[in-house]
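Visitor: Below is a structure I'd like to ask you about.
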Amino acid sequence: MKFALSSTSSLRAGLPFFRTSLLTSALLLAACQPATDDSAANNQATAPGAPGQVSTWAYAGKTGIGTSFEQYLDGQYQDKASTGAVSKVWFSLANGIVTETMHGLIHQAQLRELQFVVKGADFVDEEKTATVSSIDYLHKDAAGRPLSLAYKVLNKAKNGQYEIEKHIFTDPDSQTLVVKSWFRPLVDGLELYVYLDPALANTGSNDSASVKDGIIHATEANSSLSFLSSPAFVNTQVGFVGVSDGLTDLKNRQPFVGYQSTGSTAGNVAALAQLPSVAKGASGEVSLLLGFGSTTEQSTAAAQGTLAKGLDKVLAQFNGEGDAIGWQDYLQSLPELEKLSAMAMDQGKLLFASALVLKAQEDKTHAGALIASLSNPWGDVKSAEQSQTGYKAVWPRDFYQVAMALLALGDKQSPKVAFEYLHQVQVNEKTPGYQGAPGWFLQKTHVDGTLEWVGIQLDQTAMPIMLGWRLWQDGILSDAEISNWYSRMLKPAADYLAKGGKAKLDWNDIDLTPPFTQQERWEEQGGYSPSTIAAIISGLVSAADIATLAGDTNSATLYLTKADAYQQALESLTFTTSGNLNKAPSDGQYYLRINSNQDTNDKSALENRNGQGEINESDVVDGGFLELVRYGVRPANHPAVLASLGELDDQTLPDGQRVKYEFSFDGIAGTLPGWRRYGLDGYGEDIATGQGYAKGPDDSNLPTQRGRVWPIFSGERGHYELARLLASKTSLSPEDIQPLQRNYVQAMEQFANAGLMLPEQVWDNVGKNDVYQYTQGEGTNGATPLAWSHAEYIKLLRSVSDQKVWDRYSPVELRYSTKPVQH
């Protein structure tokens, strides 16, 4: 496959990275030395005001994320002469500016935000609030599909007096972020500044800052950031946020003091630097470089080295143009892209972006560690005083979705490396502090395996087995390899699904008997969950197939016996016949979201989560039962499945309980469907105040919080509707396929933002909207891009293209869904 490029570059695979020599140190220092300005006089006084304001993270609705593409060497990322240094820098974009930027491990933020500030005769504008921002990709093919994660951001002043253009990318052979920029004043007398807010070592506090030789430095422990400009900064100031950071004085019309150090007291520091003046009607170019390292010497060398190479060459290498290996080479390696693009409604733009986004959210120290999102949900109201991962962590469930999506693209390397990584997050005798039965997978961990959350979610224990089986079936794992992983990882997991057992780790002390799960896929409730049981059954049947290959017939028999028992008890454990949702079109008969005991009709109370109180379990319905069809546990026309669709789609329910919503978009005929996680979901913006989820430390229990529509579920429903078509037809015509594309593929595409990032949640027009002022269908301040959303979109395209559900497990389907339906 070849891409028709909109530039003159060509695609080449398997070629070495190109090299350029560095300029002399003298030239670099000259570029970074500040211009002389008697008005500032480079005051050497120490900045007052420590520790500064309490720190938070940035807005989580990212319009772009980026990092360099790196090649595996023997399943790992390694610095080698043939492939260059491994760049471990990730950036994010929101509100037209650079937001959290990570270096080291993928969750280790070193920067909160970087933005321009413009001063006029009667205003001081912060770029993130005073401009209207648009975003595009720098490197695209003839169809407008992105070929790399390099961005063009254009910010036009709301007052009409200037515009700022930025090209943003990283150096693939160094630890440097590049922001190549142009400032275009449309009136006389404007001053341009740049504001830097570090968050070293993944916290917003405990940092120190200084200026030396025209370069701004910030440090904390073993983390360092160096910030330089070409042309050089005119004036610089470092200080404490909200007090002496320069921006505060600028807004208050106070003179530029020029503090050059924050002294010995650490805190929430920031820096303001003035840039050379630009005349009205001119386009002033300025290149900003952020170098990262363990020491100031390393971070300075990184930034200076990138500048010396020439930024056009660095961008070409990032893209993979010429002899360099970059992002377009990764896309070139995916054989299914063009076929899947034919199923898209946008010519494949979101598909190409999704492929890039999923691969970019892999750690480069621990190869295969796939995270949920390069963001902290509602970060602008979340404290950054303590280190936290947000969604930049490993959940085996999200992990499974991404690995399966990469496989759907035809990537045969990444899913295998990812599968082999999973052993690091499985509970065994080496898990610190653990007592009990081994085999289950940890709820949430750092990419290095550090424990974070320790609840037991049995779907997360089943999915690694399912992934391993699929890799084996596709020939990516050989018989010998899958047999080895069976004994090392999959057998203990299957044993836990079959037998359960005691588990004691941190706060968690439980004796679990499957298919009861301590937590379901939304990590909030214990009980019998249709979606969890679907995964358990599929995992056990897959494990039996592998056990048979490995010669472990006793275990194979046990796994199938347990799977059969779980599926036979499925409706008695999860399907109510007298639920509270009983007004037409609902009829009181449906799968419960979760059942806390073995009686589906006792209307028992669920645990209070997200401020919703102890609600009646039969007041809540979700689409989790569709996973039974996806994996093959139940046919699409099973009576219990069909009966539950009415409640799931009932738009006459009160907004609290209602799950389905319809969305209108400009240029799209009719409406497109979306669904919430479940009725009475409290994980989202407050309907009374419009504030982000859990704005204050005690706000997670506010009853007025409300979870919104998730794009994932348009994909899940599309998979179900495909399965329902296939239940009555052996092959599908274009007329059969078109409604799937129009309703579900197109819905997901419309939920993506201007940067082609798919969010966790979208605004559904319920509740107060003064704070964020979302438009209908716009991604909220939850996690964006959500890897699971992008993965679901890719898998939906693959399923529609193949006319077969991508996550369907044939042994499961043959065992349970091809027999006469009984209910």
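Each chain in the structure tokens gets a letter, A, B and so on, in the order shown; residues start at 1 in every chain, and ligands are counted from 1 in the order they appear.
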Fewer than 6 positions away in the same chain doesn't count, so skip those; otherwise give me all residues within 7 Å of stretch 364-381 of chain A, counting only C-alpha atoms, as a ChimeraX atom specification.
Guide: /A:56-60,76-77,88,105,390-395,398-399,414,417-418,421,447-448,692-693,695,781-788
Visitor: Determine which residues of stretch 41-145 of chain A DSSP labels as alpha helix (DSSP H) from the backbone of this structure, then write them out as a PDB file with all heavy atoms, in the first residue's frame.
Guide:
```pdb
ATOM      1  N   GLU A 127      -3.090  33.382  25.583  1.00  0.00           N
ATOM      2  CA  GLU A 127      -3.432  32.717  24.330  1.00  0.00           C
ATOM      3  C   GLU A 127      -4.576  31.725  24.500  1.00  0.00           C
ATOM      4  O   GLU A 127      -5.452  31.608  23.635  1.00  0.00           O
ATOM      5  CB  GLU A 127      -2.178  32.015  23.810  1.00  0.00           C
ATOM      6  CG  GLU A 127      -2.282  31.424  22.438  1.00  0.00           C
ATOM      7  CD  GLU A 127      -0.998  30.705  22.033  1.00  0.00           C
ATOM      8  OE1 GLU A 127      -0.124  30.479  22.904  1.00  0.00           O
ATOM      9  OE2 GLU A 127      -0.882  30.365  20.848  1.00  0.00           O
ATOM     10  N   LYS A 128      -4.604  30.991  25.625  1.00  0.00           N
ATOM     11  CA  LYS A 128      -5.563  29.904  25.782  1.00  0.00           C
ATOM     12  C   LYS A 128      -7.002  30.392  25.946  1.00  0.00           C
ATOM     13  O   LYS A 128      -7.949  29.638  25.707  1.00  0.00           O
ATOM     14  CB  LYS A 128      -5.180  29.021  26.968  1.00  0.00           C
ATOM     15  CG  LYS A 128      -5.240  29.705  28.322  1.00  0.00           C
ATOM     16  CD  LYS A 128      -4.828  28.748  29.432  1.00  0.00           C
ATOM     17  CE  LYS A 128      -4.849  29.440  30.793  1.00  0.00           C
ATOM     18  NZ  LYS A 128      -4.415  28.515  31.865  1.00  0.00           N
ATOM     19  N   THR A 129      -7.167  31.663  26.372  1.00  0.00           N
ATOM     20  CA  THR A 129      -8.520  32.181  26.591  1.00  0.00           C
ATOM     21  C   THR A 129      -8.895  33.316  25.655  1.00  0.00           C
ATOM     22  O   THR A 129     -10.088  33.588  25.466  1.00  0.00           O
ATOM     23  CB  THR A 129      -8.678  32.670  28.036  1.00  0.00           C
ATOM     24  OG1 THR A 129      -7.666  33.654  28.316  1.00  0.00           O
ATOM     25  CG2 THR A 129      -8.547  31.523  29.020  1.00  0.00           C
ATOM     26  N   ALA A 130      -7.913  33.982  25.043  1.00  0.00           N
ATOM     27  CA  ALA A 130      -8.187  35.197  24.271  1.00  0.00           C
ATOM     28  C   ALA A 130      -8.182  34.982  22.767  1.00  0.00           C
ATOM     29  O   ALA A 130      -8.300  35.934  22.009  1.00  0.00           O
ATOM     30  CB  ALA A 130      -7.170  36.279  24.634  1.00  0.00           C
TER      31      ALA A 130
END
```
Visitor: Check which residues of stretch 34-120 of chain A sit at most 12 Å from stretch 311-319 of chain A using only C-alpha atoms, and return one row each with the closest pair of atoms and their distance in Å to one decimal, ordered by chain and rising number, as CSV.
Guide:
```
residue,atom,partner,partner_atom,distance
A:Gly66,CA,A:Phe318,CA,10.3
A:Thr67,CA,A:Phe318,CA,8.7
A:Ser68,CA,A:Phe318,CA,6.1
A:Phe69,CA,A:Phe318,CA,7.4
A:Glu70,CA,A:Phe318,CA,9.8
A:Thr83,CA,A:Gln317,CA,11.6
A:Gly84,CA,A:Gln317,CA,11.1
A:Ser87,CA,A:Phe318,CA,10.6
```
Visitor: Could you check the closest approach to A:Ile106 for each of A:Lys140, A:Arg724, A:Lys62, A:His446 and tell me which residue wins, using only C-alpha atoms?
Guide: A:His446
Visitor: Give me the residues within 12 Å of A:Asp479 as a short mmCIF file (atom, residue, chain, number, x, y, z; two decimals) with N, CA, C and O atoms, in the first residue's frame, counting only C-alpha atoms and dropping any in the same chain fewer than 6 places off.
Guide:
```cif
data_model
loop_
_atom_site.label_atom_id
_atom_site.label_comp_id
_atom_site.auth_asym_id
_atom_site.auth_seq_id
_atom_site.Cartn_x
_atom_site.Cartn_y
_atom_site.Cartn_z
N GLY A 468 -4.48 -13.57 24.22
CA GLY A 468 -3.49 -14.60 23.90
C GLY A 468 -4.03 -15.62 22.92
O GLY A 468 -3.34 -16.02 21.97
N TRP A 469 -5.28 -16.04 23.14
CA TRP A 469 -5.89 -17.01 22.22
C TRP A 469 -5.97 -16.43 20.83
O TRP A 469 -5.65 -17.10 19.85
N LEU A 471 -4.12 -14.05 19.41
CA LEU A 471 -2.79 -13.95 18.82
C LEU A 471 -2.30 -15.32 18.35
O LEU A 471 -1.63 -15.43 17.31
N TRP A 472 -2.65 -16.34 19.08
CA TRP A 472 -2.29 -17.71 18.69
C TRP A 472 -3.06 -18.11 17.43
O TRP A 472 -2.48 -18.63 16.47
N GLN A 473 -4.35 -17.82 17.40
CA GLN A 473 -5.16 -18.18 16.23
C GLN A 473 -4.70 -17.46 14.97
O GLN A 473 -4.78 -18.00 13.87
N TRP A 485 3.30 -19.41 27.45
CA TRP A 485 2.56 -18.38 28.15
C TRP A 485 1.37 -18.96 28.91
O TRP A 485 0.93 -18.39 29.92
N TYR A 486 0.87 -20.09 28.46
CA TYR A 486 -0.18 -20.77 29.22
C TYR A 486 0.32 -21.12 30.61
O TYR A 486 -0.33 -20.82 31.62
N ASP A 545 -9.14 -24.25 25.19
CA ASP A 545 -8.54 -24.54 23.89
C ASP A 545 -7.01 -24.55 23.99
O ASP A 545 -6.34 -25.44 23.44
N ILE A 546 -6.46 -23.59 24.71
CA ILE A 546 -5.00 -23.53 24.86
C ILE A 546 -4.50 -24.66 25.76
O ILE A 546 -3.45 -25.27 25.48
N ALA A 547 -5.27 -24.96 26.81
CA ALA A 547 -4.87 -26.06 27.71
C ALA A 547 -4.82 -27.38 26.98
O ALA A 547 -3.93 -28.21 27.21
N THR A 548 -5.74 -27.58 26.07
CA THR A 548 -5.74 -28.82 25.28
C THR A 548 -4.47 -28.92 24.44
O THR A 548 -3.84 -29.98 24.37
N LEU A 549 -4.08 -27.81 23.82
CA LEU A 549 -2.83 -27.79 23.07
C LEU A 549 -1.65 -28.12 23.97
O LEU A 549 -0.75 -28.88 23.58
N ALA A 550 -1.67 -27.58 25.19
CA ALA A 550 -0.55 -27.76 26.12
C ALA A 550 -0.57 -29.13 26.80
O ALA A 550 0.33 -29.44 27.58
N GLY A 551 -1.58 -29.94 26.52
CA GLY A 551 -1.66 -31.27 27.10
C GLY A 551 -2.24 -31.30 28.50
O GLY A 551 -2.18 -32.32 29.19
#
```
Visitor: Any idea what's packed within 8 Å of A:Val541, counting only C-alpha atoms, ignoring anything in its chain fewer than 5 positions away? Could you give it as a list of chain:residue names?
Guide: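 Listed by chain and then number, they are A:Tyr559, A:Leu560, A:Ala563, A:Pro811, A:Val812.
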Visitor: Could you give me, as JSON, numbers by chain, the residues within 12 Å of A:Ile737, counting only C-alpha atoms and dropping anything in the same chain fewer than 3 positions from it?
Guide: {"A": [342, 343, 344, 718, 719, 721, 722, 723, 725, 726, 731, 732, 733, 734, 740, 741, 742, 743, 744, 745, 796, 797, 799, 800, 801, 802, 803, 804]}
Visitor: Could you write out that same residue set with N, CA and C atoms as a short mmCIF file (atom, residue, chain, number, x, y, z; two decimals), in the first residue's frame?
Guide:
```cif
data_model
loop_
_atom_site.label_atom_id
_atom_site.label_comp_id
_atom_site.auth_asym_id
_atom_site.auth_seq_id
_atom_site.Cartn_x
_atom_site.Cartn_y
_atom_site.Cartn_z
N ALA A 342 -12.28 2.46 3.46
CA ALA A 342 -13.44 2.37 2.58
C ALA A 342 -14.74 2.22 3.36
N MET A 343 -14.65 1.78 4.61
CA MET A 343 -15.83 1.64 5.46
C MET A 343 -16.15 2.92 6.22
N ALA A 344 -15.20 3.86 6.27
CA ALA A 344 -15.38 5.10 7.01
C ALA A 344 -16.26 6.07 6.23
N GLY A 718 -23.14 -0.65 17.29
CA GLY A 718 -22.89 -1.00 15.90
C GLY A 718 -22.47 -2.45 15.75
N HIS A 719 -21.64 -2.92 16.67
CA HIS A 719 -21.24 -4.33 16.64
C HIS A 719 -22.45 -5.24 16.86
N GLU A 721 -25.64 -4.55 16.18
CA GLU A 721 -26.53 -4.50 15.02
C GLU A 721 -25.95 -5.30 13.86
N LEU A 722 -24.64 -5.34 13.73
CA LEU A 722 -24.02 -6.19 12.72
C LEU A 722 -24.30 -7.65 13.03
N ALA A 723 -24.12 -8.03 14.30
CA ALA A 723 -24.39 -9.42 14.68
C ALA A 723 -25.86 -9.77 14.46
N LEU A 725 -27.85 -8.53 12.14
CA LEU A 725 -28.02 -8.76 10.70
C LEU A 725 -27.51 -10.14 10.30
N LEU A 726 -26.35 -10.50 10.83
CA LEU A 726 -25.73 -11.77 10.45
C LEU A 726 -26.48 -12.97 11.02
N SER A 731 -24.74 -13.39 4.12
CA SER A 731 -23.87 -12.34 3.60
C SER A 731 -24.66 -11.05 3.54
N LEU A 732 -23.95 -9.93 3.56
CA LEU A 732 -24.60 -8.63 3.62
C LEU A 732 -24.37 -7.87 2.34
N SER A 733 -25.38 -7.16 1.91
CA SER A 733 -25.30 -6.31 0.72
C SER A 733 -24.86 -4.92 1.12
N PRO A 734 -24.46 -4.08 0.17
CA PRO A 734 -24.16 -2.68 0.50
C PRO A 734 -25.33 -1.98 1.18
N LEU A 740 -25.33 0.74 9.11
CA LEU A 740 -24.29 0.62 10.13
C LEU A 740 -23.29 1.76 10.02
N GLN A 741 -22.91 2.06 8.79
CA GLN A 741 -21.98 3.16 8.58
C GLN A 741 -22.61 4.49 8.95
N ARG A 742 -23.84 4.68 8.49
CA ARG A 742 -24.49 5.97 8.70
C ARG A 742 -24.77 6.23 10.19
N ASN A 743 -25.24 5.24 10.91
CA ASN A 743 -25.68 5.45 12.29
C ASN A 743 -24.56 5.33 13.32
N TYR A 744 -23.64 4.39 13.13
CA TYR A 744 -22.69 4.08 14.19
C TYR A 744 -21.27 4.52 13.86
N VAL A 745 -20.80 4.21 12.66
CA VAL A 745 -19.49 4.70 12.25
C VAL A 745 -19.50 6.23 12.22
N LEU A 796 -14.85 -1.44 14.99
CA LEU A 796 -16.13 -1.38 14.28
C LEU A 796 -15.90 -1.36 12.78
N LEU A 797 -14.95 -0.57 12.31
CA LEU A 797 -14.64 -0.56 10.88
C LEU A 797 -14.19 -1.94 10.41
N SER A 799 -14.94 -4.85 11.75
CA SER A 799 -16.08 -5.76 11.79
C SER A 799 -16.99 -5.55 10.59
N VAL A 800 -17.29 -4.29 10.28
CA VAL A 800 -18.15 -4.00 9.13
C VAL A 800 -17.48 -4.44 7.83
N SER A 801 -16.17 -4.20 7.74
CA SER A 801 -15.44 -4.60 6.54
C SER A 801 -15.43 -6.11 6.36
N ASP A 802 -15.21 -6.83 7.44
CA ASP A 802 -15.13 -8.29 7.38
C ASP A 802 -16.51 -8.95 7.35
N GLN A 803 -17.54 -8.18 7.69
CA GLN A 803 -18.89 -8.72 7.90
C GLN A 803 -18.85 -9.83 8.94
N LYS A 804 -18.11 -9.53 9.99
CA LYS A 804 -17.94 -10.48 11.10
C LYS A 804 -17.45 -9.69 12.30
#
```
Visitor: Find the residues around A:Lys562 up to 8 Å (only C-alpha atoms counted), leave out those fewer than 3 positions away in its own chain, and share them as a count of residues only.
Guide: 6
Visitor: Near stretch 178-193 of chain A, counting only C-alpha atoms, which residues have an atom at most 6 Å away, once you skip same-chain residues fewer than 6 positions from it, shown as a list in words?
Guide: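 Skipping anything fewer than 6 positions along the chain leaves Phe116, Val117, Val118, Lys119, Gly120, Gln161, Tyr162, Glu163, Ile164, Glu165, Lys166, His167, Ile168, Phe169, Thr170, Ala273, Gln274, Leu275, Lys280, Gly281, Ala282, Ser283, Gly284, Glu285, Val286, Ser287, Leu288 and Leu289 of chain A.
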Visitor: Which is closest to A:Val98 among A:Thr63, A:Ser586, A:Gln386, A:Gln738, if we use only C-alpha atoms?
Guide: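 Of all the options, A:Thr63 lies closest to A:Val98.
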Visitor: Among stretch 589-741 of chain A, which residues does DSSP mark as strand (DSSP E) when it is run on the backbone? Keep the chain and numbering as in the structure and answer as a PDB file with N, CA and C atoms, in the first residue's frame.
Guide:
```pdb
ATOM      1  N   TYR A 590     -35.468  -7.230  31.756  1.00  0.00           N
ATOM      2  CA  TYR A 590     -34.211  -6.784  31.155  1.00  0.00           C
ATOM      3  C   TYR A 590     -33.028  -7.263  31.987  1.00  0.00           C
ATOM      4  N   TYR A 591     -31.877  -7.287  31.340  1.00  0.00           N
ATOM      5  CA  TYR A 591     -30.640  -7.539  32.071  1.00  0.00           C
ATOM      6  C   TYR A 591     -30.366  -6.349  32.988  1.00  0.00           C
ATOM      7  N   LYS A 660     -30.104   6.406  26.381  1.00  0.00           N
ATOM      8  CA  LYS A 660     -29.926   6.748  24.974  1.00  0.00           C
ATOM      9  C   LYS A 660     -30.302   8.198  24.691  1.00  0.00           C
ATOM     10  N   TYR A 661     -29.480   8.845  23.849  1.00  0.00           N
ATOM     11  CA  TYR A 661     -29.733  10.209  23.398  1.00  0.00           C
ATOM     12  C   TYR A 661     -29.453  10.304  21.905  1.00  0.00           C
ATOM     13  N   GLU A 662     -30.105  11.245  21.258  1.00  0.00           N
ATOM     14  CA  GLU A 662     -29.887  11.494  19.832  1.00  0.00           C
ATOM     15  C   GLU A 662     -29.195  12.847  19.660  1.00  0.00           C
ATOM     16  N   PHE A 663     -28.306  12.926  18.675  1.00  0.00           N
ATOM     17  CA  PHE A 663     -27.490  14.122  18.466  1.00  0.00           C
ATOM     18  C   PHE A 663     -27.649  14.621  17.036  1.00  0.00           C
ATOM     19  N   LEU A 672     -27.981  11.191  15.153  1.00  0.00           N
ATOM     20  CA  LEU A 672     -27.088  10.057  15.379  1.00  0.00           C
ATOM     21  C   LEU A 672     -27.164   9.642  16.838  1.00  0.00           C
ATOM     22  N   PRO A 673     -27.096   8.320  17.115  1.00  0.00           N
ATOM     23  CA  PRO A 673     -27.357   7.850  18.482  1.00  0.00           C
ATOM     24  C   PRO A 673     -26.110   7.806  19.357  1.00  0.00           C
ATOM     25  N   GLY A 674     -26.349   7.996  20.647  1.00  0.00           N
ATOM     26  CA  GLY A 674     -25.304   7.826  21.646  1.00  0.00           C
ATOM     27  C   GLY A 674     -25.918   7.304  22.935  1.00  0.00           C
ATOM     28  N   TRP A 675     -25.093   6.678  23.756  1.00  0.00           N
ATOM     29  CA  TRP A 675     -25.573   6.076  24.994  1.00  0.00           C
ATOM     30  C   TRP A 675     -24.657   6.426  26.166  1.00  0.00           C
ATOM     31  N   ARG A 676     -25.219   6.570  27.333  1.00  0.00           N
ATOM     32  CA  ARG A 676     -24.450   6.718  28.564  1.00  0.00           C
ATOM     33  C   ARG A 676     -23.970   5.352  29.039  1.00  0.00           C
ATOM     34  N   VAL A 709     -22.895  10.929  27.769  1.00  0.00           N
ATOM     35  CA  VAL A 709     -22.833   9.927  26.695  1.00  0.00           C
ATOM     36  C   VAL A 709     -21.379   9.620  26.363  1.00  0.00           C
ATOM     37  N   TRP A 710     -21.079   8.352  26.164  1.00  0.00           N
ATOM     38  CA  TRP A 710     -19.725   7.902  25.793  1.00  0.00           C
ATOM     39  C   TRP A 710     -19.740   7.417  24.340  1.00  0.00           C
TER      40      TRP A 710
END
```
Visitor: Using atom CA of A:Ala142 and atom CA of A:Pro759 as the two end points, give the distance in Å to one decimal.
Guide: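 Those two atoms sit 26.4 Å apart.
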Visitor: Please tabulate, as a tab-separated table, the residues of stretch 386-477 of chain A that come within 12 Å of stretch 322-335 of chain A, each with its closest pair of atoms and the distance in Å to one decimal, counting only C-alpha atoms and ordering rows by chain, then residue number upward.
Guide:
```
residue	atom	partner	partner_atom	distance
A:Ala405	CA	A:Leu334	CA	11.6
A:Leu406	CA	A:Leu334	CA	8.9
A:Leu407	CA	A:Leu334	CA	9.3
A:Ala408	CA	A:Leu334	CA	9.3
A:Leu409	CA	A:Leu334	CA	5.7
A:Gly410	CA	A:Leu334	CA	5.1
A:Asp411	CA	A:Leu334	CA	5.7
A:Lys412	CA	A:Leu334	CA	8.8
A:Gln413	CA	A:Ser333	CA	10.2
A:Ser414	CA	A:Tyr330	CA	11.0
```
Visitor: Give the answer as one residue: which of A:Thr295, A:Gln110, A:Ser664, A:Ser810 has the shortest atom-to-atom distance to A:Asn765, using only C-alpha atoms?
Guide: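 For A:Asn765, the nearest of the candidates is A:Ser664.
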Visitor: Which of these residues is nearest to A:Asn95, using only C-alpha atoms: A:Met748, A:Val194, A:Leu114, A:Leu247?
Guide: A:Leu114
Visitor: Atom CA of A:Ala109 and atom CA of A:Thr389, how far apart in Å?
Guide: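 Taking atom CA of A:Thr389 and atom CA of A:Ala109, their separation equals 8.9 Å.
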